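Novice: This is model-v9.csv (CSV, C-alpha atoms and all ligand atoms).
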chain,number,residue,atom,x,y,z
A,659,MET,CA,11.5,24.4,11.5
A,660,ILE,CA,8.7,21.9,10.9
A,661,LYS,CA,6.3,24.2,12.8
A,662,LYS,CA,7.3,27.1,10.6
A,663,ILE,CA,6.7,25.1,7.4
A,664,LEU,CA,3.4,23.8,8.7
A,665,GLY,CA,2.3,27.3,9.5
A,666,LYS,CA,2.8,28.2,5.9
A,667,ILE,CA,1.2,25.2,4.2
A,668,GLY,CA,-1.4,24.1,6.7
A,669,ARG,CA,-1.2,21.5,9.4
A,670,ALA,CA,-1.6,17.9,8.5
A,671,VAL,CA,-4.7,17.4,10.6
A,672,VAL,CA,-6.2,14.0,10.0
A,673,THR,CA,-10.0,14.1,10.1
A,674,THR,CA,-12.1,11.2,8.9
A,675,ASP,CA,-15.8,10.5,8.7
A,676,ASP,CA,-17.2,7.3,10.2
A,677,PHE,CA,-17.2,4.7,7.6
A,678,THR,CA,-17.8,1.3,9.1
A,679,ILE,CA,-16.6,-2.1,7.8
A,680,PRO,CA,-19.2,-3.2,5.3
A,681,ALA,CA,-20.8,-6.5,6.1
A,682,HIS,CA,-20.7,-9.5,3.8
A,683,ASP,CA,-24.3,-8.9,2.7
A,684,SER,CA,-23.9,-5.1,2.3
A,685,PRO,CA,-25.5,-3.7,-0.9
A,686,LEU,CA,-22.0,-2.4,-1.7
A,687,PHE,CA,-20.9,-6.0,-2.3
A,688,ALA,CA,-24.0,-7.0,-4.3
A,689,GLU,CA,-22.0,-7.6,-7.5
A,690,ILE,CA,-19.1,-9.4,-5.8
A,691,ASN,CA,-18.1,-12.9,-6.8
A,692,TRP,CA,-16.7,-14.1,-3.4
A,693,LYS,CA,-15.0,-17.0,-5.0
A,694,LYS,CA,-13.0,-14.9,-7.4
A,695,LEU,CA,-11.6,-12.1,-5.3
A,696,PRO,CA,-8.0,-11.2,-5.4
A,697,ARG,CA,-6.2,-12.1,-2.2
A,698,HIS,CA,-3.5,-9.5,-2.4
A,699,VAL,CA,-4.3,-6.0,-3.8
A,700,ALA,CA,-1.7,-3.3,-4.2
A,701,ILE,CA,-2.6,0.4,-4.8
A,702,ILE,CA,-0.7,3.3,-6.3
A,703,MET,CA,-2.6,6.2,-4.6
A,704,ASP,CA,-2.0,8.8,-7.3
A,705,GLY,CA,-3.5,12.2,-8.0
A,706,ASN,CA,-3.7,13.9,-4.6
A,707,GLY,CA,-1.9,16.9,-6.0
A,708,ARG,CA,-4.0,17.2,-9.1
A,709,TRP,CA,-7.2,16.8,-7.1
A,710,ALA,CA,-6.2,19.7,-4.9
A,711,GLN,CA,-5.0,21.9,-7.7
A,712,GLY,CA,-8.3,21.3,-9.5
A,713,GLN,CA,-10.0,22.9,-6.6
A,714,GLY,CA,-7.5,25.8,-6.4
A,715,ALA,CA,-6.1,24.4,-3.2
A,716,MET,CA,-2.5,23.5,-2.3
A,717,ARG,CA,-1.2,20.0,-3.1
A,718,THR,CA,-0.9,19.2,0.5
A,719,VAL,CA,-4.7,19.5,0.9
A,720,GLY,CA,-5.0,16.6,-1.5
A,721,HIS,CA,-2.7,14.5,0.6
A,722,THR,CA,-4.8,15.1,3.7
A,723,ALA,CA,-8.0,14.2,1.7
A,724,GLY,CA,-6.1,11.0,0.6
A,725,VAL,CA,-5.9,9.8,4.2
A,726,LYS,CA,-9.7,9.6,4.4
A,727,THR,CA,-9.8,7.6,1.2
A,728,LEU,CA,-7.2,5.3,2.5
A,729,LYS,CA,-9.2,4.7,5.7
A,730,ASN,CA,-12.3,3.9,3.8
A,731,ILE,CA,-10.5,1.5,1.4
A,732,LEU,CA,-8.9,-0.3,4.2
A,733,LYS,CA,-12.3,-0.8,5.9
A,734,THR,CA,-13.6,-2.1,2.6
A,735,ALA,CA,-10.7,-4.5,2.2
A,736,ILE,CA,-11.5,-5.8,5.7
A,737,GLY,CA,-15.1,-6.3,4.7
A,738,LEU,CA,-14.0,-8.2,1.6
A,739,LYS,CA,-11.7,-10.3,3.8
A,740,LEU,CA,-8.7,-9.7,1.6
A,741,ASP,CA,-5.5,-11.3,2.7
A,742,ALA,CA,-3.3,-8.3,2.1
A,743,LEU,CA,-3.6,-4.6,1.0
A,744,THR,CA,-0.3,-2.9,0.1
A,745,VAL,CA,-0.3,0.8,-0.6
A,746,TYR,CA,2.4,3.1,-2.1
A,747,ALA,CA,2.6,6.1,0.3
A,748,PHE,CA,6.1,7.5,-0.5
A,749,SER,CA,8.6,6.3,-3.1
A,750,THR,CA,12.4,6.5,-3.0
A,751,GLU,CA,12.0,9.0,-5.8
A,752,ASN,CA,9.5,11.2,-3.9
A,753,TRP,CA,12.4,12.9,-2.0
A,754,LYS,CA,12.8,15.0,-5.2
A,755,ARG,CA,9.6,16.9,-4.3
A,756,PRO,CA,9.8,20.3,-2.6
A,757,HIS,CA,11.1,20.1,0.9
A,758,THR,CA,7.9,21.6,2.3
A,759,GLU,CA,5.8,18.8,0.7
A,760,VAL,CA,8.1,16.1,1.9
A,761,GLU,CA,8.0,17.5,5.5
A,762,PHE,CA,4.2,17.7,5.2
A,763,LEU,CA,3.9,14.0,4.2
A,764,MET,CA,6.2,12.8,7.0
A,765,ASN,CA,4.1,14.7,9.4
A,766,LEU,CA,0.9,13.3,7.8
A,767,PHE,CA,2.1,9.7,8.2
A,768,SER,CA,2.9,10.4,11.9
A,769,GLU,CA,-0.5,12.0,12.5
A,770,TYR,CA,-2.2,9.1,10.7
A,771,LEU,CA,-0.5,6.6,13.0
A,772,LYS,CA,-1.4,8.6,16.1
A,773,LYS,CA,-5.0,8.9,15.2
A,774,GLU,CA,-5.8,5.6,13.5
A,775,LEU,CA,-3.5,3.1,15.3
A,776,GLN,CA,-6.0,2.0,18.0
A,777,GLU,CA,-8.9,1.6,15.5
A,778,MET,CA,-6.8,-0.4,13.1
A,779,HIS,CA,-5.8,-2.6,16.0
A,780,GLU,CA,-9.4,-3.1,17.0
A,781,ASP,CA,-10.2,-4.0,13.4
A,782,ASN,CA,-7.6,-6.8,13.7
A,783,VAL,CA,-5.4,-5.2,11.0
A,784,ARG,CA,-1.7,-6.3,10.9
A,785,ILE,CA,0.3,-3.2,9.8
A,786,HIS,CA,3.8,-3.6,8.3
A,787,PHE,CA,6.0,-0.9,6.7
A,788,ILE,CA,8.0,-1.8,3.7
A,789,GLY,CA,10.9,0.2,2.2
A,790,ARG,CA,14.1,1.8,3.4
A,791,ILE,CA,12.7,2.6,6.8
A,792,GLU,CA,16.1,3.7,8.2
A,793,GLY,CA,16.1,6.7,5.9
A,794,LEU,CA,13.0,8.2,7.6
A,795,PRO,CA,12.9,10.7,10.5
A,796,ALA,CA,13.8,8.8,13.7
A,797,SER,CA,10.6,9.7,15.5
A,798,LEU,CA,8.5,8.3,12.6
A,799,GLN,CA,10.6,5.1,12.6
A,800,LYS,CA,9.8,4.7,16.3
A,801,GLN,CA,6.1,5.1,15.7
A,802,MET,CA,6.2,2.6,12.8
A,803,ARG,CA,8.0,0.0,14.9
A,804,GLU,CA,5.6,0.5,17.8
A,805,ALA,CA,2.6,0.1,15.5
A,806,GLU,CA,4.0,-3.1,14.0
A,807,GLU,CA,4.7,-4.5,17.5
A,808,LEU,CA,1.2,-3.6,18.7
A,809,MET,CA,-0.5,-5.4,15.8
A,810,GLN,CA,2.0,-8.2,15.2
A,811,ASP,CA,-0.3,-11.0,16.5
A,812,ASN,CA,-3.4,-9.7,14.6
A,813,THR,CA,-4.9,-12.1,12.2
A,814,GLY,CA,-6.9,-9.9,9.9
A,815,VAL,CA,-5.9,-8.0,6.7
A,816,LYS,CA,-2.1,-7.6,6.3
A,817,PHE,CA,-1.8,-3.8,5.7
A,818,ASN,CA,1.6,-3.0,4.1
A,819,VAL,CA,2.4,0.6,3.8
A,820,ALA,CA,5.3,1.4,1.4
A,821,VAL,CA,7.3,4.4,2.7
A,822,ASN,CA,10.6,5.4,1.2
A,823,TYR,CA,10.0,2.3,-1.0
A,824,GLY,CA,11.4,1.5,-4.4
A,825,GLY,CA,11.1,-1.9,-6.0
A,826,GLN,CA,14.7,-1.8,-7.4
A,827,ASP,CA,16.0,-0.6,-4.0
A,828,GLU,CA,14.2,-3.5,-2.3
A,829,LEU,CA,15.8,-6.0,-4.8
A,830,VAL,CA,19.2,-4.5,-4.2
A,831,ARG,CA,18.8,-4.9,-0.4
A,832,SER,CA,17.5,-8.4,-0.8
A,833,VAL,CA,20.5,-9.4,-3.1
A,834,GLN,CA,22.9,-7.9,-0.5
A,835,SER,CA,21.3,-9.9,2.4
A,836,ILE,CA,21.5,-13.1,0.3
A,837,VAL,CA,25.1,-12.5,-0.6
A,838,ARG,CA,25.9,-12.0,3.1
A,839,ARG,CA,24.3,-15.4,3.8
A,840,VAL,CA,26.4,-17.0,1.0
A,841,GLN,CA,29.6,-15.3,2.4
A,842,ALA,CA,28.8,-16.6,5.8
A,843,GLY,CA,28.6,-20.1,4.4
A,844,GLU,CA,24.9,-20.5,5.3
A,845,LEU,CA,23.8,-20.9,1.7
A,846,ALA,CA,25.4,-22.0,-1.6
A,847,ALA,CA,24.9,-19.9,-4.7
A,848,GLU,CA,23.2,-22.8,-6.4
A,849,GLN,CA,20.5,-22.9,-3.6
A,850,ILE,CA,19.3,-19.4,-4.5
A,851,ASP,CA,15.9,-19.8,-6.1
A,852,GLU,CA,12.6,-17.8,-6.2
A,853,THR,CA,11.7,-18.9,-2.6
A,854,VAL,CA,15.0,-17.6,-1.2
A,855,ILE,CA,14.6,-14.3,-3.0
A,856,GLU,CA,11.0,-13.9,-1.9
A,857,SER,CA,11.9,-14.5,1.7
A,858,ALA,CA,14.5,-11.8,1.5
A,859,LEU,CA,12.0,-9.2,0.3
A,860,ASP,CA,10.2,-6.6,2.5
A,861,THR,CA,7.0,-8.4,1.7
A,862,GLN,CA,8.1,-11.8,2.9
A,863,GLY,CA,5.2,-13.8,4.3
A,864,ASN,CA,2.7,-12.2,1.9
A,865,LEU,CA,1.1,-13.9,-1.1
A,866,PRO,CA,2.0,-12.6,-4.6
A,867,VAL,CA,0.1,-9.5,-5.7
A,868,ASP,CA,-3.0,-10.4,-7.7
A,869,LEU,CA,-4.2,-7.0,-8.6
A,870,VAL,CA,-2.5,-3.6,-8.9
A,871,ILE,CA,-4.8,-0.6,-8.9
A,872,ARG,CA,-3.6,2.8,-10.0
A,873,THR,CA,-5.7,6.0,-9.7
A,874,SER,CA,-5.5,9.3,-11.6
A,875,GLY,CA,-4.9,8.2,-15.2
A,876,ASP,CA,-1.3,7.2,-15.5
A,877,GLN,CA,-0.6,3.6,-16.5
A,878,ARG,CA,2.7,2.6,-15.2
A,879,LEU,CA,4.2,0.7,-12.2
A,880,SER,CA,6.5,3.4,-11.0
A,881,ASN,CA,9.0,1.1,-9.3
A,882,PHE,CA,6.3,-0.5,-7.1
A,883,LEU,CA,6.5,-4.2,-6.2
A,884,LEU,CA,8.5,-5.2,-9.3
A,885,TRP,CA,9.0,-8.8,-8.1
A,886,GLN,CA,5.7,-9.3,-6.4
A,887,ALA,CA,3.6,-8.1,-9.3
A,888,ALA,CA,5.1,-10.4,-11.8
A,889,TYR,CA,1.8,-12.0,-12.6
A,890,ALA,CA,-0.5,-9.3,-11.3
A,891,GLU,CA,-3.6,-8.0,-13.2
A,892,PHE,CA,-3.8,-4.2,-13.6
A,893,TRP,CA,-6.8,-1.9,-13.1
A,894,PHE,CA,-6.5,1.8,-14.0
A,895,THR,CA,-8.9,4.6,-13.4
A,896,ASP,CA,-8.9,8.3,-14.2
A,897,THR,CA,-10.3,9.0,-10.7
A,898,ASN,CA,-7.9,10.9,-8.4
A,899,TRP,CA,-7.2,9.1,-5.2
A,900,PRO,CA,-9.2,11.5,-2.9
A,901,ASP,CA,-12.3,10.7,-5.0
A,902,PHE,CA,-11.7,7.0,-5.1
A,903,THR,CA,-14.6,5.5,-3.2
A,904,PRO,CA,-15.4,2.0,-1.8
A,905,GLU,CA,-17.7,1.7,-4.9
A,906,CYS,CA,-14.7,2.3,-7.2
A,907,PHE,CA,-12.7,-0.3,-5.2
A,908,VAL,CA,-15.6,-2.9,-5.6
A,909,GLU,CA,-15.7,-2.0,-9.3
A,910,ALA,CA,-12.1,-3.1,-9.6
A,911,MET,CA,-12.9,-6.4,-7.8
A,912,VAL,CA,-15.8,-7.1,-10.1
A,913,ASP,CA,-13.6,-6.5,-13.2
A,914,TYR,CA,-10.9,-8.7,-11.7
A,915,ALA,CA,-13.3,-11.5,-11.2
A,916,GLY,CA,-14.0,-11.5,-14.9
A,917,ARG,CA,-10.3,-11.9,-15.9
A,918,ASP,CA,-8.9,-15.2,-17.2
A,919,ARG,CA,-5.6,-15.7,-15.3
A,920,ARG,CA,-3.4,-18.3,-17.0
A,921,PHE,CA,-0.1,-17.7,-15.4
A,922,GLY,CA,1.7,-18.5,-18.6
A,923,GLY,CA,-0.2,-21.8,-19.0
A,924,LEU,CA,-3.3,-22.7,-21.1
A,925,THR,CA,-5.7,-23.4,-18.3
A,926,LYS,CA,-6.6,-21.7,-15.1
A,927,PRO,CA,-4.8,-23.3,-12.1
A,928,GLU,CA,-8.1,-24.4,-10.5
A,929,GLU,CA,-9.0,-26.3,-13.6
A,930,LYS,CA,-5.8,-28.3,-13.8
B,1001,LIG,C1,0.5,10.6,-5.0
B,1001,LIG,O1,-0.2,11.7,-5.4
B,1001,LIG,C2,0.5,10.5,-3.6
B,1001,LIG,C3,1.5,10.5,-2.7
B,1001,LIG,C4,2.9,10.7,-3.1
B,1001,LIG,C5,1.3,10.4,-1.3
B,1001,LIG,C6,0.4,9.3,-0.9
B,1001,LIG,C7,-0.1,9.7,0.4
B,1001,LIG,C8,-1.4,9.6,0.8
B,1001,LIG,C9,-2.5,9.0,0.0
B,1001,LIG,C10,-1.8,10.0,2.2
B,1001,LIG,C11,-2.2,8.9,3.0
B,1001,LIG,C12,-1.2,7.9,3.3
B,1001,LIG,C13,-0.9,7.4,4.5
B,1001,LIG,C14,0.0,6.2,4.7
B,1001,LIG,C15,-1.4,8.0,5.7
B,1001,LIG,P1,0.6,12.9,-6.1
B,1001,LIG,O2,1.0,13.9,-5.1
B,1001,LIG,O3,1.7,12.3,-6.9
B,1001,LIG,O4,-0.5,13.5,-7.0
B,1001,LIG,P2,-0.2,14.2,-8.5
B,1001,LIG,O5,0.3,13.0,-9.3
B,1001,LIG,O6,-1.5,14.7,-8.8
B,1001,LIG,O7,0.8,15.2,-8.3
Could you show the structure in this file as structure tokens?
Ligand code: FPP
Specialist:
Amino acid sequence: MIKKILGKIGRAVVTTDDFTIPAHDSPLFAEINWKKLPRHVAIIMDGNGRWAQGQGAMRTVGHTAGVKTLKNILKTAIGLKLDALTVYAFSTENWKRPHTEVEFLMNLFSEYLKKELQEMHEDNVRIHFIGRIEGLPASLQKQMREAEELMQDNTGVKFNVAVNYGGQDELVRSVQSIVRRVQAGELAAEQIDETVIESALDTQGNLPVDLVIRTSGDQRLSNFLLWQAAYAEFWFTDTNWPDFTPECFVEAMVDYAGRDRRFGGLTKPEEK
């Protein structure tokens, strides 16, 4: 069945040019204020379909092009020594798309893992998948678990890939797990606080999101990291994801460095 569909819409072949991790003194980073970088950046990689349609190609061509962008942005994040990069690859709502596109994306994720796994491992990346993973094809789940196990001791960028992810769904699952702990007598209701909730989320162990980037013009959160982005800054660009370059990413970092983050107070935390 999958073969038949891929025959019709083109195989999800992942090809990427060589983009190496930019060094600290790379001209790409000339404008960077290293003391004011976000630690955790989240990206809504939007506009693959529009990019492809703008070239008279099928939407799936845009998703394949988006893989190359993702690879380059991950390498840039490594060069910037970010603590975490979280990307929205497939939402709980994306199942509403045509069956052929969903099948294509699942195959694309699998191809990406096959092709990029070793290099990510060598780059000391620690991959983690967030979302309702059990709702994905069994073979993809297996690949995801194997990738996580391979990289679990890596100490570089935490690379969280959201697949079958929805922020509300994540909160529902975390409430369920906390209620189970209360029912088992491990926890009293009064002990539930922000720390307990955070440690029940898919992103447990990560810092809060500092910056959310969304490509392709829309300015909304689309059910992404609802809890984690509570105090995040936002950066929007009209550029479609396949055209989003390391330079665009650095532009967002530079803009972020100029922001005054008060976290509801009057002074910046470092000035307290
Ligand atoms: C949004 O563009 C993009 C997606 C739903 C898929 C994201 C997937 C990739 C970037 C491929 C690489 C990812 C991994 C993890 C290998 P859209 O289709 O909604 O574009 P549109 O808004 O123009 O229709």
Novice: What residues have any atom no more than 8 Å from ligand LIG 1001 (chain B) when counting only C-alpha atoms and all ligand atoms, and can you list them as JSON, numbers by chain?
Specialist: {"A": [702, 703, 704, 705, 706, 707, 708, 709, 710, 717, 718, 720, 721, 722, 723, 724, 725, 726, 727, 728, 745, 746, 747, 748, 749, 752, 763, 766, 767, 768, 769, 770, 771, 819, 820, 821, 874, 898, 899, 900]}
Novice: Which residue is closest to Ala890 of chain A? Choose from A:His682, A:Arg784, A:Arg831, A:His698 and count all atoms listed in the file.
Specialist: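 Under the stated criterion, the closest residue is A:His698.
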Novice: Using all atoms listed in the file, can you tell me which of A:Thr861, A:Ile736, A:Asn812, A:Val854 comes closest to Phe787 of chain A?
Specialist: A:Thr861
Novice: With a distance cut-off of 10 Å and only C-alpha atoms, select the neighbouring residues of Pro795 of chain A, excluding the residue or stretch itself and same-chain residues fewer than 5 positions from it, and output the selection as a count of residues only.
Specialist: 4
Novice: Nearest residue to Met809 of chain A out of A:Glu828, A:Glu777, A:Glu856, A:Glu848, using all atoms listed in the file?
Specialist: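 Nearest candidate to Met809 of chain A out of A:Glu828, A:Glu777, A:Glu856, A:Glu848: A:Glu777.
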Novice: Which neighbours of Gly737 of chain A fall inside 9 Å, counting only C-alpha atoms, when residues of the same chain fewer than 2 positions from it are skipped, and could you give them as a PDB file with C-alpha atoms, in the frame of the given file?
Specialist:
ATOM      1  CA  ILE A 679     -16.600  -2.100   7.800  1.00  0.00           C
ATOM      2  CA  PRO A 680     -19.200  -3.200   5.300  1.00  0.00           C
ATOM      3  CA  ALA A 681     -20.800  -6.500   6.100  1.00  0.00           C
ATOM      4  CA  HIS A 682     -20.700  -9.500   3.800  1.00  0.00           C
ATOM      5  CA  LEU A 732      -8.900  -0.300   4.200  1.00  0.00           C
ATOM      6  CA  LYS A 733     -12.300  -0.800   5.900  1.00  0.00           C
ATOM      7  CA  THR A 734     -13.600  -2.100   2.600  1.00  0.00           C
ATOM      8  CA  ALA A 735     -10.700  -4.500   2.200  1.00  0.00           C
ATOM      9  CA  LYS A 739     -11.700 -10.300   3.800  1.00  0.00           C
ATOM     10  CA  LEU A 740      -8.700  -9.700   1.600  1.00  0.00           C
TER      11      LEU A 740
END
Novice: Quick one: everything within 8 Å of segment 904-906 of chain A, counting only C-alpha atoms, minus sequence neighbours fewer than 3 positions away in the same chain. Send it as a list in words.
Specialist: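 Once the adjacent positions are removed, what remains is Leu686, Asn730, Ile731, Thr734, Glu909 and Ala910 of chain A.
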Novice: Could you check the closest approach to Glu759 of chain A for each of A:Met716, A:Ile855, A:Ala888, A:Val815 and tell me which residue wins, using only C-alpha atoms?
Specialist: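 Under the stated criterion, the closest residue is A:Met716.
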Novice: By how many Å are atom CA of Asp811 of chain A and atom CA of Asn782 of chain A apart?
Specialist: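 If I compute the distance from atom CA of Asp811 of chain A to atom CA of Asn782 of chain A, I get 8.9 Å.
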Novice: Atom CA of Met802 of chain A and atom CA of Arg839 of chain A are how many Å apart?
Specialist: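 Atom-to-atom, atom CA of Met802 of chain A to atom CA of Arg839 of chain A, that is 27.1 Å.
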Novice: Kindly indicate which residue among A:Glu774, A:Leu845, A:Tyr823, A:His786 lies nearest to Glu807 of chain A, using only C-alpha atoms for the distances.
Specialist: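 That would be A:His786, the residue with the smallest distance to Glu807 of chain A.
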Novice: Mind listing whatever residues come within 7 Å of the point (15.3, -8.0, 1.0)? Use only C-alpha atoms, file coordinates, and give them as a ChimeraX atom specification.
Specialist: /A:828-829,831-833,835,858-860
Novice: Counting all atoms listed in the file, note down every residue that has an atom within 7 Å of the point (12.8, 0.7, 3.7) (file coordinates), as a list of chain:residue names.
Specialist: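 Returned residue set, sorted by chain then number, is A:Ile788, A:Gly789, A:Arg790, A:Ile791, A:Glu792, A:Val821, A:Asn822, A:Tyr823.
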Novice: Expressed in Å to a single decimal, how great is the separation between atom CA of Ser880 of chain A and atom CA of Val719 of chain A?
Specialist: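 Straight-line distance from atom CA of Ser880 of chain A to atom CA of Val719 of chain A works out to 22.9 Å.
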Novice: From the set A:Ala805, A:Ala700, A:Leu695, A:Ile690, which residue has the shortest atom-to-atom contact distance to Pro866 of chain A, counting all atoms listed in the file?
Specialist: A:Ala700
